[in-house]
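Asks: The structure's right below; bear with me while I get my questions together.
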Amino acid sequence: MRVVIRCDNPDVEDEWSWGVSRQWDLSEWSEKIEPKLSEWASLTWAEIDTHSSDTGHKMHHNMSCDDICEEAQDRMLEIERFFDVLFRFRAGNLERVWGYRIAEVFHVLWYDPTHEIYPTD
């Protein structure tokens, strides 16, 4: 199945407690987000599954919502879009595009430029 990207209802209201707006700006969209979405949409889900980092970790994968920060979990409840599992694409060193997948369709939920939805050391 080819990847289908939908970005018609992302959560872009307000900002995160760490000071990052949920609404990306035009430059983030045109220089970072949209090119990556277009790249991923040219692939199949099987091809997406083969992408790994230099250290061998999957670049794009499902993530249990139990593992993301509590603020993001609460936000999903607040906007009435709670899922047990989200899918996240790695868009750069820190940048992630979070959403949910229904069959071949990936629905964009958040752009996380600072890796705070799933913080790591």
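Letters A, B, ... mark the chains of the structure tokens in the order given; residue numbers begin at 1 per chain; ligand numbers begin at 1, in order shown.
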Near Gln73 of chain A, counting only C-alpha atoms, which residues have an atom at most 12 Å away, once you skip same-chain residues fewer than 2 positions from it, shown as a PyMOL selection string?

Replies: chain A and resi 64-71+75-86+117-118

Asks: Could you please write out, as number ranges by chain, every residue of chain A that DSSP assigns to alpha helix (DSSP H)?

Replies: A: 26-28, 34-41, 45-50, 70-78

Asks: Do a neighbour search on Ile5 of chain A at 7 Å with only C-alpha atoms, toss out local chain neighbours closer than 4 positions, and write the hits as number ranges by chain.

Replies: A: 37, 41, 105-107

Asks: Just the selected residues (all heavy atoms), exported as a short mmCIF file (atom, residue, chain, number, x, y, z; two decimals), in the first residue's frame, please.

Replies:
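Final file, result-v8.cif:
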data_model
loop_
_atom_site.label_atom_id
_atom_site.label_comp_id
_atom_site.auth_asym_id
_atom_site.auth_seq_id
_atom_site.Cartn_x
_atom_site.Cartn_y
_atom_site.Cartn_z
N LEU A 37 6.65 15.16 3.92
CA LEU A 37 5.36 14.51 3.65
C LEU A 37 5.30 14.04 2.21
O LEU A 37 4.84 12.93 1.93
CB LEU A 37 4.20 15.46 3.96
CG LEU A 37 4.01 15.87 5.42
CD1 LEU A 37 2.86 16.87 5.54
CD2 LEU A 37 3.79 14.69 6.33
N ALA A 41 5.01 10.18 0.97
CA ALA A 41 3.85 9.82 0.15
C ALA A 41 4.25 9.17 -1.17
O ALA A 41 3.41 8.59 -1.85
CB ALA A 41 2.98 11.05 -0.10
N VAL A 105 -3.66 5.38 5.23
CA VAL A 105 -3.72 6.84 5.40
C VAL A 105 -3.10 7.26 6.74
O VAL A 105 -3.49 6.79 7.81
CB VAL A 105 -5.18 7.34 5.32
CG1 VAL A 105 -5.23 8.86 5.47
CG2 VAL A 105 -5.82 6.91 4.01
N PHE A 106 -2.12 8.16 6.65
CA PHE A 106 -1.52 8.78 7.82
C PHE A 106 -2.14 10.16 7.99
O PHE A 106 -2.08 10.99 7.08
CB PHE A 106 0.00 8.91 7.64
CG PHE A 106 0.67 9.66 8.75
CD1 PHE A 106 0.89 9.07 9.99
CD2 PHE A 106 1.09 10.98 8.57
CE1 PHE A 106 1.51 9.76 11.01
CE2 PHE A 106 1.71 11.68 9.59
CZ PHE A 106 1.91 11.07 10.82
N HIS A 107 -2.75 10.40 9.14
CA HIS A 107 -3.38 11.68 9.46
C HIS A 107 -2.43 12.46 10.37
O HIS A 107 -2.14 12.03 11.49
CB HIS A 107 -4.71 11.46 10.17
CG HIS A 107 -5.71 10.71 9.34
ND1 HIS A 107 -6.63 11.34 8.56
CD2 HIS A 107 -5.90 9.37 9.18
CE1 HIS A 107 -7.37 10.43 7.94
NE2 HIS A 107 -6.94 9.24 8.29
#

Asks: Can you pull out every residue from chain A that DSSP, working from the backbone, puts in strand (DSSP E), and format the result as a PyMOL selection string?

Replies: chain A and resi 4-6+61-64+85-90+96-102+105-112

Asks: Show which residues sit within 9 Å of Lys32 of chain A, as a list of chain:residue names. Count only C-alpha atoms, and ignore same-chain residues fewer than 6 positions away.

Replies: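 What passes the distance filter is A:Ala91, A:Gly92, A:Glu95.
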
Asks: Record the distance separating atom CA of Trp40 of chain A and atom CA of Val4 of chain A, expressed in Å with one decimal.

Replies: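 One can read the atom CA of Trp40 of chain A to atom CA of Val4 of chain A distance as 8.4 Å.
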
Asks: What does the structure give for the distance between atom CA of Leu109 of chain A and atom CA of Trp45 of chain A, in Å to one decimal?

Replies: 18.5 Å

Asks: Name all residues at most 12 Å from Cys7 of chain A (count only C-alpha atoms; drop same-chain ones fewer than 4 positions away) and give them as a list in words.

Replies: Asp11, Val12, Trp29, Ile33, Glu34, Leu37, Ser38, Val97, Trp98, Gly99, Tyr100, Val105, Phe106, His107, Val108, Leu109, Trp110 and Tyr111 of chain A

Asks: Tell me which of A:Asn93, A:Ala72, A:Ser17, A:His115 sits closest to Asp54 of chain A, counting only C-alpha atoms.

Replies: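 Result for the nearest residue to Asp54 of chain A: A:Asn93.
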
Asks: What does the structure give for the distance between atom CA of Leu43 of chain A and atom CA of Arg2 of chain A, in Å to one decimal?

Replies: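 Atom CA of Leu43 of chain A sits 5.8 Å away from atom CA of Arg2 of chain A.
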
Asks: Given the choices A:Ala46, A:Leu26, A:Val3, A:Met59, which gets closest to Ile102 of chain A if the distance is worked out from only C-alpha atoms?

Replies: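 Among the listed residues, the smallest separation from Ile102 of chain A belongs to A:Val3.
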
Asks: Hey, what's within 10 Å of Ser21 of chain A if we count only C-alpha atoms and toss same-chain stuff fewer than 5 positions away? As a PyMOL selection string, please?

Replies: chain A and resi 12-16+111-113
